[in-house]
$ cat input_25.txt   # compact mmCIF, C-alpha atoms and all ligand atoms
# COMPACT_ATOMS: atom_id res chain seq x y z
CA MET A 1 121.10 121.65 97.09
CA ILE A 2 118.53 119.28 95.58
CA ASN A 3 114.87 120.23 95.57
CA LEU A 4 112.71 117.29 94.65
CA ALA A 5 109.61 117.74 92.53
CA ASP A 6 106.34 118.36 94.37
CA ARG A 7 104.86 115.18 92.92
CA VAL A 8 107.17 112.94 94.94
CA GLN A 9 106.78 114.83 98.21
CA THR A 10 103.69 112.86 99.17
CA LEU A 11 104.90 109.53 97.84
CA THR A 12 104.44 106.96 100.60
CA PRO A 13 107.29 104.47 100.77
CA SER A 14 106.11 100.89 100.46
CA THR A 15 105.39 99.29 103.86
CA THR A 16 106.13 95.95 102.23
CA LEU A 17 109.66 97.05 101.49
CA ALA A 18 110.19 98.54 104.96
CA ILE A 19 109.38 95.28 106.75
CA THR A 20 111.38 93.26 104.22
CA ALA A 21 114.41 95.51 104.81
CA LYS A 22 114.13 95.00 108.56
CA ALA A 23 113.72 91.24 108.12
CA ASN A 24 116.81 91.12 105.89
CA GLU A 25 118.81 93.08 108.43
CA LEU A 26 117.93 90.48 111.10
CA LYS A 27 118.66 87.61 108.71
CA ALA A 28 122.10 89.12 108.02
CA GLN A 29 122.72 89.00 111.78
CA GLY A 30 122.00 85.26 111.67
CA VAL A 31 118.44 85.36 113.03
CA ASP A 32 116.20 82.58 111.66
CA ILE A 33 113.43 84.71 110.15
CA ILE A 34 110.48 83.20 108.27
CA GLY A 35 109.20 85.67 105.70
CA LEU A 36 105.50 85.66 104.84
CA GLY A 37 105.69 88.93 102.96
CA ALA A 38 106.22 87.57 99.46
CA GLY A 39 104.00 88.85 96.71
CA GLU A 40 105.16 86.29 94.19
CA PRO A 41 104.87 82.55 93.57
CA ASP A 42 107.78 80.58 95.02
CA TYR A 43 108.24 78.45 91.87
CA ASN A 44 110.66 78.96 89.03
CA THR A 45 109.18 79.93 85.67
CA PRO A 46 108.10 76.74 83.83
CA GLU A 47 110.77 75.09 81.69
CA ASN A 48 109.02 75.51 78.32
CA ILE A 49 108.94 79.27 78.91
CA LEU A 50 112.62 79.40 79.85
CA GLN A 51 113.44 77.45 76.67
CA ALA A 52 111.39 79.78 74.48
CA ALA A 53 113.23 82.79 75.90
CA TYR A 54 116.62 81.16 75.34
CA GLN A 55 115.70 80.13 71.81
CA SER A 56 114.62 83.66 70.91
CA MET A 57 117.95 85.06 72.08
CA LYS A 58 119.86 82.43 70.12
CA GLU A 59 117.91 83.45 67.04
CA GLY A 60 119.01 87.06 67.52
CA LYS A 61 115.63 88.36 68.61
CA THR A 62 117.32 90.80 70.94
CA LYS A 63 116.41 94.15 69.41
CA TYR A 64 113.78 96.83 70.00
CA THR A 65 110.17 95.84 69.35
CA PRO A 66 107.05 97.96 68.75
CA ALA A 67 106.36 100.08 71.87
CA GLY A 68 103.11 98.35 72.77
CA GLY A 69 104.46 94.83 72.27
CA LEU A 70 105.25 92.35 69.51
CA PRO A 71 102.32 91.62 67.17
CA ALA A 72 102.73 87.90 68.02
CA LEU A 73 102.40 88.64 71.75
CA LYS A 74 99.33 90.81 71.19
CA GLU A 75 97.90 87.92 69.21
CA ALA A 76 98.69 85.52 72.08
CA VAL A 77 96.97 87.87 74.54
CA ILE A 78 93.95 88.16 72.23
CA ASN A 79 93.73 84.36 72.01
CA LYS A 80 94.05 84.06 75.78
CA LEU A 81 91.20 86.53 76.36
CA GLN A 82 89.06 84.70 73.82
CA ARG A 83 89.88 81.26 75.24
CA ASP A 84 89.52 82.10 78.92
CA GLN A 85 86.81 84.74 78.93
CA ASN A 86 85.21 84.67 75.53
CA LEU A 87 86.23 88.30 75.07
CA SER A 88 87.13 89.54 71.58
CA TYR A 89 89.72 92.25 71.06
CA GLU A 90 91.68 93.62 68.13
CA PRO A 91 95.43 94.29 68.26
CA LYS A 92 94.79 98.06 68.50
CA GLU A 93 92.93 97.38 71.76
CA ILE A 94 95.93 95.67 73.42
CA MET A 95 99.01 97.25 74.96
CA VAL A 96 101.79 95.14 76.45
CA GLY A 97 103.91 96.86 79.07
CA ILE A 98 106.49 96.29 81.78
CA GLY A 99 104.30 94.34 84.19
CA ALA A 100 100.73 95.12 85.16
CA LYS A 101 102.13 97.68 87.57
CA HIS A 102 103.68 99.87 84.89
CA VAL A 103 100.71 99.34 82.59
CA LEU A 104 98.49 100.76 85.34
CA TYR A 105 100.94 103.63 85.88
CA THR A 106 100.80 104.43 82.17
CA LEU A 107 97.01 104.22 82.17
CA PHE A 108 96.65 106.78 84.98
CA GLN A 109 99.13 109.08 83.23
CA VAL A 110 97.06 109.19 80.05
CA LEU A 111 93.67 109.18 81.76
CA LEU A 112 93.79 111.72 84.57
CA ASN A 113 93.83 115.49 84.71
CA GLU A 114 94.60 117.33 87.93
CA GLY A 115 91.79 116.70 90.42
CA ASP A 116 90.20 113.81 88.56
CA GLU A 117 88.97 111.19 91.00
CA VAL A 118 89.56 107.45 90.96
CA ILE A 119 87.53 105.29 93.33
CA ILE A 120 89.63 102.74 95.22
CA PRO A 121 88.06 100.14 97.51
CA ILE A 122 89.79 99.57 100.87
CA PRO A 123 91.70 97.25 101.44
CA TYR A 124 93.64 98.15 98.31
CA TRP A 125 96.83 97.09 96.59
CA VAL A 126 99.48 99.56 97.78
CA SER A 127 100.35 101.06 94.42
CA TYR A 128 96.88 102.23 93.31
CA PRO A 129 96.68 105.39 95.45
CA GLU A 130 100.29 106.35 94.78
CA GLN A 131 99.94 105.91 91.04
CA VAL A 132 96.75 107.97 90.97
CA LYS A 133 98.44 110.75 92.95
CA LEU A 134 101.49 110.69 90.68
CA ALA A 135 99.11 111.41 87.79
CA GLN A 136 97.70 114.37 89.79
CA GLY A 137 94.51 112.45 90.40
CA VAL A 138 92.67 112.11 93.69
CA PRO A 139 92.09 108.66 95.24
CA VAL A 140 88.58 108.39 96.68
CA TYR A 141 88.28 105.49 99.07
CA ILE A 142 85.35 103.23 99.81
CA GLU A 143 85.76 101.09 102.88
CA ALA A 144 84.81 97.46 102.36
CA THR A 145 84.65 95.94 105.82
CA ALA A 146 85.20 92.33 106.85
CA SER A 147 81.43 92.02 107.46
CA GLN A 148 80.89 92.64 103.74
CA ALA A 149 83.68 90.19 102.86
CA TYR A 150 85.90 93.14 101.91
CA LYS A 151 83.80 93.88 98.81
CA ILE A 152 82.13 97.21 98.01
CA SER A 153 78.41 97.39 97.32
CA ALA A 154 76.74 99.10 94.40
CA GLN A 155 75.20 101.54 96.85
CA GLN A 156 78.60 102.50 98.26
CA LEU A 157 79.92 103.01 94.74
CA ARG A 158 76.96 105.18 93.79
CA GLU A 159 77.49 107.38 96.86
CA ALA A 160 81.21 107.82 96.15
CA ILE A 161 80.76 109.04 92.57
CA THR A 162 81.01 112.79 91.92
CA ASP A 163 81.23 114.81 88.73
CA ARG A 164 85.03 114.48 88.97
CA THR A 165 84.99 110.66 89.03
CA LYS A 166 86.83 109.15 86.09
CA ALA A 167 87.13 105.51 87.08
CA VAL A 168 86.74 102.81 89.71
CA ILE A 169 89.27 100.06 90.33
CA ILE A 170 87.97 96.53 90.75
CA ASN A 171 90.64 94.04 91.79
CA SER A 172 89.17 90.54 91.80
CA PRO A 173 90.67 88.23 93.06
CA SER A 174 92.02 90.84 95.42
CA ASN A 175 95.40 91.52 96.87
CA PRO A 176 95.36 91.68 99.90
CA THR A 177 91.95 90.14 100.74
CA GLY A 178 91.77 87.15 98.38
CA MET A 179 88.08 87.94 97.81
CA ILE A 180 86.33 87.49 94.49
CA TYR A 181 83.27 89.42 93.32
CA THR A 182 80.41 87.23 92.15
CA LYS A 183 78.85 87.78 88.75
CA GLU A 184 75.73 89.23 90.40
CA GLU A 185 77.78 91.72 92.40
CA LEU A 186 79.67 92.76 89.28
CA VAL A 187 76.42 93.22 87.34
CA GLU A 188 75.27 95.71 89.99
CA LEU A 189 78.60 97.57 90.01
CA ALA A 190 78.68 97.71 86.20
CA GLU A 191 75.18 99.17 86.18
CA VAL A 192 76.27 102.00 88.49
CA CYS A 193 79.25 102.68 86.21
CA ARG A 194 76.92 102.79 83.21
CA GLU A 195 74.51 105.19 84.92
CA SER A 196 77.34 107.55 85.85
CA ASP A 197 79.39 106.92 82.72
CA ILE A 198 82.66 106.09 84.44
CA LEU A 199 85.48 103.75 83.43
CA ILE A 200 86.14 100.42 85.10
CA ILE A 201 89.73 99.40 85.68
CA SER A 202 89.59 95.64 86.21
CA ASP A 203 92.83 94.32 87.67
CA GLU A 204 92.66 90.56 87.07
CA ILE A 205 96.28 89.67 87.77
CA TYR A 206 95.25 86.85 90.18
CA GLU A 207 92.64 85.45 87.79
CA LYS A 208 94.27 82.01 87.63
CA LEU A 209 94.59 81.58 91.38
CA ILE A 210 91.12 80.70 92.56
CA TYR A 211 90.06 78.00 95.01
CA GLY A 212 87.19 75.72 95.86
CA ASP A 213 84.15 76.14 93.66
CA THR A 214 84.63 79.88 93.22
CA VAL A 215 84.38 81.21 89.68
CA HIS A 216 86.22 84.26 88.37
CA THR A 217 84.15 86.58 86.20
CA SER A 218 85.67 89.48 84.34
CA ILE A 219 83.38 92.49 84.59
CA ALA A 220 84.14 93.12 80.90
CA THR A 221 82.18 90.00 79.96
CA LEU A 222 78.86 91.22 81.38
CA SER A 223 77.59 93.30 78.47
CA GLU A 224 78.72 95.29 75.46
CA ASP A 225 78.52 98.44 77.58
CA ALA A 226 80.61 96.89 80.38
CA LYS A 227 83.23 95.76 77.88
CA ASN A 228 83.46 99.19 76.29
CA ARG A 229 84.00 100.96 79.58
CA THR A 230 86.42 98.40 81.07
CA ILE A 231 90.18 98.30 80.81
CA VAL A 232 91.26 94.78 81.69
CA ILE A 233 94.68 94.63 83.35
CA ASN A 234 96.49 91.32 83.58
CA GLY A 235 99.87 89.69 82.98
CA VAL A 236 102.02 86.62 83.38
CA SER A 237 103.59 87.46 86.77
CA LYS A 238 101.33 85.50 89.08
CA SER A 239 99.76 82.98 86.66
CA HIS A 240 103.03 81.70 85.19
CA SER A 241 105.41 82.59 88.03
CA MET A 242 107.10 85.26 85.93
CA THR A 243 107.30 88.26 88.26
CA GLY A 244 110.85 89.12 87.27
CA TRP A 245 110.21 89.06 83.54
CA ARG A 246 107.96 92.13 83.80
CA ILE A 247 105.21 91.51 81.26
CA GLY A 248 101.66 92.75 81.73
CA TYR A 249 98.97 94.06 79.44
CA ALA A 250 95.92 96.27 79.12
CA ALA A 251 92.93 95.40 76.94
CA GLY A 252 90.34 98.05 76.20
CA ASP A 253 89.33 101.16 74.30
CA SER A 254 91.66 101.80 71.36
CA LEU A 255 91.94 105.54 72.10
CA LEU A 256 93.30 104.82 75.56
CA ILE A 257 95.52 102.03 74.28
CA LYS A 258 96.99 104.30 71.61
CA ALA A 259 97.74 107.04 74.14
CA MET A 260 99.34 104.50 76.49
CA THR A 261 101.42 103.09 73.65
CA ASP A 262 102.53 106.59 72.59
CA LEU A 263 103.55 107.36 76.17
CA ALA A 264 105.46 104.06 76.37
CA SER A 265 107.25 104.91 73.14
CA HIS A 266 108.82 107.87 74.95
CA SER A 267 109.30 106.29 78.35
CA THR A 268 110.15 102.61 77.98
CA SER A 269 110.56 102.06 74.19
CA ASN A 270 109.27 98.51 74.66
CA PRO A 271 108.98 95.74 77.22
CA THR A 272 112.13 93.59 77.28
CA THR A 273 112.23 91.64 74.04
CA THR A 274 113.27 88.30 75.57
CA SER A 275 110.48 88.57 78.14
CA GLN A 276 107.97 89.11 75.35
CA TYR A 277 109.05 85.88 73.65
CA ALA A 278 108.77 84.11 76.99
CA ALA A 279 105.26 85.52 77.45
CA ILE A 280 104.21 84.32 73.98
CA GLU A 281 105.09 80.79 75.09
CA ALA A 282 103.38 81.36 78.45
CA TYR A 283 100.08 82.12 76.70
CA ASN A 284 100.39 79.83 73.66
CA GLY A 285 102.11 76.86 75.29
CA PRO A 286 100.71 74.15 77.61
CA GLN A 287 98.90 75.52 80.66
CA ASP A 288 99.30 72.53 83.00
CA THR A 289 101.95 74.21 85.18
CA VAL A 290 99.51 77.07 85.86
CA GLU A 291 97.07 74.52 87.27
CA GLU A 292 99.78 72.65 89.20
CA MET A 293 100.83 75.85 90.96
CA ARG A 294 97.21 76.73 91.70
CA GLN A 295 96.66 73.34 93.30
CA ALA A 296 99.77 73.74 95.44
CA PHE A 297 98.56 77.11 96.73
CA GLU A 298 95.14 75.67 97.44
CA SER A 299 96.51 72.75 99.47
CA ARG A 300 98.68 75.14 101.50
CA LEU A 301 95.63 77.29 102.16
CA GLU A 302 93.70 74.22 103.31
CA ALA A 303 96.51 73.24 105.66
CA VAL A 304 97.21 76.62 107.18
CA PHE A 305 93.78 78.25 107.39
CA PRO A 306 92.46 76.26 110.38
CA LYS A 307 95.73 76.84 112.24
CA LEU A 308 95.53 80.58 111.66
CA GLU A 309 91.89 80.70 112.68
CA ALA A 310 92.78 78.97 115.95
CA ILE A 311 95.14 81.74 117.09
CA PRO A 312 93.51 83.70 119.93
CA GLY A 313 92.33 87.15 118.82
CA PHE A 314 92.67 86.38 115.09
CA LYS A 315 89.56 86.79 112.95
CA VAL A 316 90.03 85.59 109.41
CA ILE A 317 87.81 85.10 106.39
CA ARG A 318 88.69 82.20 104.10
CA PRO A 319 90.16 83.68 100.92
CA GLN A 320 88.77 82.54 97.57
CA GLY A 321 91.78 83.45 95.47
CA ALA A 322 95.31 84.95 95.19
CA PHE A 323 97.79 83.75 97.86
CA TYR A 324 97.21 86.01 100.82
CA LEU A 325 95.48 85.75 104.18
CA LEU A 326 94.31 88.93 105.86
CA PRO A 327 93.38 88.24 109.48
CA ASP A 328 91.98 91.03 111.63
CA VAL A 329 94.39 90.92 114.57
CA SER A 330 93.23 94.03 116.42
CA GLU A 331 92.12 91.98 119.42
CA ALA A 332 95.33 89.96 119.51
CA ALA A 333 97.43 93.13 119.30
CA HIS A 334 95.44 94.75 122.10
CA LYS A 335 95.47 91.70 124.39
CA THR A 336 99.21 91.21 123.96
CA GLY A 337 99.91 94.79 124.98
CA TYR A 338 100.62 96.52 121.68
CA ALA A 339 99.30 100.00 120.98
CA SER A 340 98.78 99.28 117.29
CA VAL A 341 98.86 96.48 114.77
CA ASP A 342 102.01 98.05 113.29
CA ASP A 343 103.73 97.60 116.67
CA PHE A 344 102.38 94.05 116.90
CA VAL A 345 103.99 93.34 113.51
CA THR A 346 107.33 94.66 114.80
CA GLY A 347 106.93 92.39 117.85
CA LEU A 348 106.22 89.41 115.61
CA LEU A 349 109.36 90.11 113.65
CA THR A 350 111.77 90.76 116.50
CA GLU A 351 110.40 88.25 119.03
CA ALA A 352 108.68 85.49 117.02
CA ASN A 353 110.96 86.01 114.01
CA VAL A 354 108.10 85.97 111.53
CA ALA A 355 107.85 88.74 108.93
CA VAL A 356 104.32 89.72 107.89
CA ILE A 357 103.01 92.88 106.25
CA PRO A 358 101.00 95.34 108.37
CA GLY A 359 97.58 96.02 106.90
CA SER A 360 98.08 99.77 107.31
CA GLY A 361 99.81 99.74 103.92
CA PHE A 362 96.55 98.48 102.38
CA GLY A 363 94.37 100.95 104.27
CA ALA A 364 93.23 98.15 106.61
CA HIS A 365 94.82 99.07 109.93
CA ASP A 366 93.38 96.18 111.98
CA THR A 367 94.87 93.50 109.76
CA ILE A 368 98.10 91.81 108.79
CA ARG A 369 98.81 90.18 105.45
CA LEU A 370 100.43 86.76 105.28
CA SER A 371 101.45 85.28 101.97
CA TYR A 372 101.22 81.53 101.52
CA ALA A 373 103.48 81.60 98.48
CA THR A 374 106.07 79.77 100.53
CA SER A 375 106.74 76.12 101.45
CA LEU A 376 104.20 74.33 103.60
CA GLU A 377 106.95 73.58 106.10
CA SER A 378 107.89 77.26 106.59
CA LEU A 379 104.25 78.23 106.61
CA THR A 380 103.36 75.73 109.33
CA GLU A 381 106.34 76.71 111.44
CA ALA A 382 105.55 80.43 111.02
CA VAL A 383 101.94 80.04 112.11
CA GLU A 384 103.03 77.97 115.12
CA ARG A 385 105.47 80.71 116.10
CA ILE A 386 102.73 83.34 115.82
CA HIS A 387 100.37 81.21 117.91
CA GLN A 388 103.02 80.71 120.57
CA PHE A 389 103.88 84.44 120.57
CA VAL A 390 100.26 85.48 121.07
CA SER A 391 99.47 82.83 123.70
CA SER A 392 102.57 83.63 125.76
CA LYS A 393 101.64 87.31 126.02
CA TRP A 394 97.85 86.99 126.33
N1 LIG R 1 97.99 94.24 90.68
C1 LIG R 1 98.00 93.62 91.87
C2 LIG R 1 96.75 93.55 92.65
C3 LIG R 1 99.18 93.05 92.36
O1 LIG R 1 99.19 92.43 93.55
C4 LIG R 1 100.36 93.15 91.59
C5 LIG R 1 101.65 92.62 92.09
O2 LIG R 1 101.85 92.40 93.26
C6 LIG R 1 100.29 93.80 90.36
C7 LIG R 1 99.08 94.33 89.94
C8 LIG R 1 101.48 93.99 89.50
O3 LIG R 1 101.95 92.85 88.90
P1 LIG R 1 103.11 92.90 87.82
O4 LIG R 1 103.59 94.30 87.69
O5 LIG R 1 104.19 91.99 88.33
O6 LIG R 1 102.51 92.40 86.54
$ encode --input "input_25.txt" --output "structure tokens"
Amino acid sequence: MINLADRVQTLTPSTTLAITAKANELKAQGVDIIGLGAGEPDYNTPENILQAAYQSMKEGKTKYTPAGGLPALKEAVINKLQRDQNLSYEPKEIMVGIGAKHVLYTLFQVLLNEGDEVIIPIPYWVSYPEQVKLAQGVPVYIEATASQAYKISAQQLREAITDRTKAVIINSPSNPTGMIYTKEELVELAEVCRESDILIISDEIYEKLIYGDTVHTSIATLSEDAKNRTIVINGVSKSHSMTGWRIGYAAGDSLLIKAMTDLASHSTSNPTTTSQYAAIEAYNGPQDTVEEMRQAFESRLEAVFPKLEAIPGFKVIRPQGAFYLLPDVSEAAHKTGYASVDDFVTGLLTEANVAVIPGSGFGAHDTIRLSYATSLESLTEAVERIHQFVSSKW
């Protein structure tokens, strides 16, 4: 008889995976499903990066590396932070890990004691609450509504802080909302964090995917105090279409970075060596493919946004970054006879043959998340199917 550990008893399985499994089941039966669930760019990794990885293997660079990453990769990350954000770090303030996801996991493990609170704005990326709970922490949610463009205010943050608060997570550009905090908004949030002496976890994984005249500001750049209390999380997954290579990093306080590196030395040994060489090229090599992919996402957004907006009962804010759309479909679900948005999503899958992610997984129960990291053709067809589905049942 197997008794699982208490810590996994409350683990919520990923809603993203559940809908993907159902979509795959239908596909296997020959149903023509269009999937808008993807959380990754639909391009291959750029050629120069593939070549660098291959070259490193040919040269026999296939052994263990230092736990927190190769010195040359830390250097590449330091140069990237200097170049893009004018932020200066030393190697002891950088830890490279197995994707931003595992870097965040490692961070919570070294940061939280039982009962320590981490503030998480809703809608949130699915893994934040689970990772906090796995580290015996307590997620404290702040609801950012559509009327506030899915961004928390300084006042909300102030009210959520208690004497158990250790950190707040700021994810800008955001998955799933695509919203970006302005510099002014970040200044106000950073001031609250300073007053209450809490850490800022700044997840900037979508930093390179921003549209229109929006500017991305890292909260760490605002002042010396903000930099000292911020752990910047980023990686090559979304910027360089390298999700499968699993390389992400943390930049911040050397005490935290050392603890994270020590934990990694006993849990992962090191991020995959070949992937680290690929990431060195990603950061040191030409950046034009990053911009090409960004432009492609932007033109898809331009094409599909008006079509999505035109669907009856869909209320959608134009995203400023990442590659997700998060319409509020509560009215559409209600008018088409579904008891919940989750049921509406099942209807979309089985009847319109379009797979989207229910917002319940992000704490935003009235919404669905559509990814536009797919071809314009599929995207257009999918949105037409959704429109048809809603209109026929209205
Ligand atoms: N943070 C956010 C907001 C994400 O959406 C993702 C991936 O979907 C990650 C972090 C993790 O990225 P990775 O582990 O591939 O670096």
$ closest_residue --input "input_25.txt" --among "A:Val290, A:Ile170, A:Leu325, A:Ala28" --to "A:Leu189" --atoms "all atoms listed in the file"
A:Ile170
$ closest_atom_pairs --input "input_25.txt" --of "chain A" --to "ligand LIG 1 (chain R)" --cutoff "8 Å" --atoms "all atoms listed in the file" --output "CSV"
residue,atom,partner,partner_atom,distance
A:Gly39,CA,R:LIG1,O2,5.4
A:Glu40,CA,R:LIG1,O2,7.0
A:Ile98,CA,R:LIG1,O4,6.9
A:Gly99,CA,R:LIG1,O6,3.5
A:Ala100,CA,R:LIG1,O6,3.5
A:Lys101,CA,R:LIG1,O4,3.7
A:His102,CA,R:LIG1,O4,6.2
A:Val103,CA,R:LIG1,O4,7.7
A:Leu104,CA,R:LIG1,C7,7.9
A:Tyr124,CA,R:LIG1,C2,7.9
A:Trp125,CA,R:LIG1,C2,5.3
A:Asn171,CA,R:LIG1,C2,6.2
A:Ser174,CA,R:LIG1,C2,6.1
A:Asn175,CA,R:LIG1,C2,4.9
A:Pro176,CA,R:LIG1,O1,7.5
A:Asp203,CA,R:LIG1,N1,6.0
A:Glu204,CA,R:LIG1,N1,7.4
A:Ile205,CA,R:LIG1,N1,5.7
A:Tyr206,CA,R:LIG1,C2,7.3
A:Ile233,CA,R:LIG1,C7,7.9
A:Asn234,CA,R:LIG1,O6,6.8
A:Gly235,CA,R:LIG1,O6,5.2
A:Val236,CA,R:LIG1,O6,6.6
A:Ser237,CA,R:LIG1,O5,4.8
A:Lys238,CA,R:LIG1,O5,7.1
A:Met242,CA,R:LIG1,O5,7.7
A:Thr243,CA,R:LIG1,O5,4.9
A:Gly244,CA,R:LIG1,O5,7.3
A:Arg246,CA,R:LIG1,O5,5.9
A:Ile247,CA,R:LIG1,O6,6.0
A:Gly248,CA,R:LIG1,O6,4.9
$ closest_residue --input "input_25.txt" --among "A:Met95, A:Leu301, A:Met293, A:Ala190" --to "A:Leu255" --atoms "only C-alpha atoms"
A:Met95
$ atom_distance --input "input_25.txt" --atom1 "atom CA of A:Ile119" --atom2 "atom CA of A:His216"
21.6 Å
$ residues_around --input "input_25.txt" --residues "A:Ser275" --least-positions-apart "4" --cutoff "9 Å" --atoms "only C-alpha atoms" --output "list of chain:residue names"
A:Ala53, A:Trp245, A:Arg246, A:Ile247, A:Pro271, A:Ala279, A:Ile280
$ residues_around --input "input_25.txt" --residues "A:Gln131" --least-positions-apart "2" --cutoff "10 Å" --atoms "all atoms listed in the file" --output "ChimeraX atom specification"
/A:11,101-102,104-109,126-129,133-139
$ write_last_selection --input "input_25.txt" --atoms "C-alpha atoms" --output "JSON list (two decimals), keeping the file's coordinate frame"
[["chain", "number", "residue", "atom", "x", "y", "z"],
["A", 11, "LEU", "CA", 104.90, 109.53, 97.84],
["A", 101, "LYS", "CA", 102.13, 97.68, 87.57],
["A", 102, "HIS", "CA", 103.68, 99.87, 84.89],
["A", 104, "LEU", "CA", 98.49, 100.76, 85.34],
["A", 105, "TYR", "CA", 100.94, 103.63, 85.88],
["A", 106, "THR", "CA", 100.80, 104.43, 82.17],
["A", 107, "LEU", "CA", 97.01, 104.22, 82.17],
["A", 108, "PHE", "CA", 96.65, 106.78, 84.98],
["A", 109, "GLN", "CA", 99.13, 109.08, 83.23],
["A", 126, "VAL", "CA", 99.48, 99.56, 97.78],
["A", 127, "SER", "CA", 100.35, 101.06, 94.42],
["A", 128, "TYR", "CA", 96.88, 102.23, 93.31],
["A", 129, "PRO", "CA", 96.68, 105.39, 95.45],
["A", 133, "LYS", "CA", 98.44, 110.75, 92.95],
["A", 134, "LEU", "CA", 101.49, 110.69, 90.68],
["A", 135, "ALA", "CA", 99.11, 111.41, 87.79],
["A", 136, "GLN", "CA", 97.70, 114.37, 89.79],
["A", 137, "GLY", "CA", 94.51, 112.45, 90.40],
["A", 138, "VAL", "CA", 92.67, 112.11, 93.69],
["A", 139, "PRO", "CA", 92.09, 108.66, 95.24]]
$ closest_residue --input "input_25.txt" --among "A:Ser392, A:Ser196, A:Thr274, A:Thr65" --to "A:Ala160" --atoms "all atoms listed in the file"
A:Ser196
$ axis_aligned_box --input "input_25.txt" --around "stretch 109-113 of chain A" --padding-each-side "5 Å" --output "JSON"
{"center_x": 96.4, "center_y": 112.3, "center_z": 82.4, "size_x": 15.5, "size_y": 16.4, "size_z": 14.7}
$ atom_distance --input "input_25.txt" --atom1 "atom CA of A:His387" --atom2 "atom CA of A:Pro358"
17.1 Å
$ residues_around --input "input_25.txt" --residues "A:Ala149" --least-positions-apart "6" --cutoff "10 Å" --atoms "only C-alpha atoms" --output "PDB file with C-alpha atoms, in the frame of the given file"
ATOM      1  CA  THR A 177      91.950  90.140 100.740  1.00  0.00           C
ATOM      2  CA  GLY A 178      91.770  87.150  98.380  1.00  0.00           C
ATOM      3  CA  MET A 179      88.080  87.940  97.810  1.00  0.00           C
ATOM      4  CA  ILE A 180      86.330  87.490  94.490  1.00  0.00           C
ATOM      5  CA  TYR A 181      83.270  89.420  93.320  1.00  0.00           C
ATOM      6  CA  ILE A 317      87.810  85.100 106.390  1.00  0.00           C
ATOM      7  CA  ARG A 318      88.690  82.200 104.100  1.00  0.00           C
ATOM      8  CA  PRO A 319      90.160  83.680 100.920  1.00  0.00           C
TER       9      PRO A 319
END
$ closest_residue --input "input_25.txt" --among "A:Leu379, A:Leu186, A:Ala167, A:Ile200" --to "A:Ala303" --atoms "only C-alpha atoms"
A:Leu379
$ closest_residue --input "input_25.txt" --among "A:Glu59, A:Glu291, A:Glu25, A:Glu143" --to "A:His240" --atoms "only C-alpha atoms"
A:Glu291
$ atom_distance --input "input_25.txt" --atom1 "atom CA of A:Glu207" --atom2 "atom CA of A:Gly321"
8.0 Å
$ closest_residue --input "input_25.txt" --among "A:Glu351, A:Glu130, A:Glu75, A:Glu188" --to "A:Phe389" --atoms "only C-alpha atoms"
A:Glu351
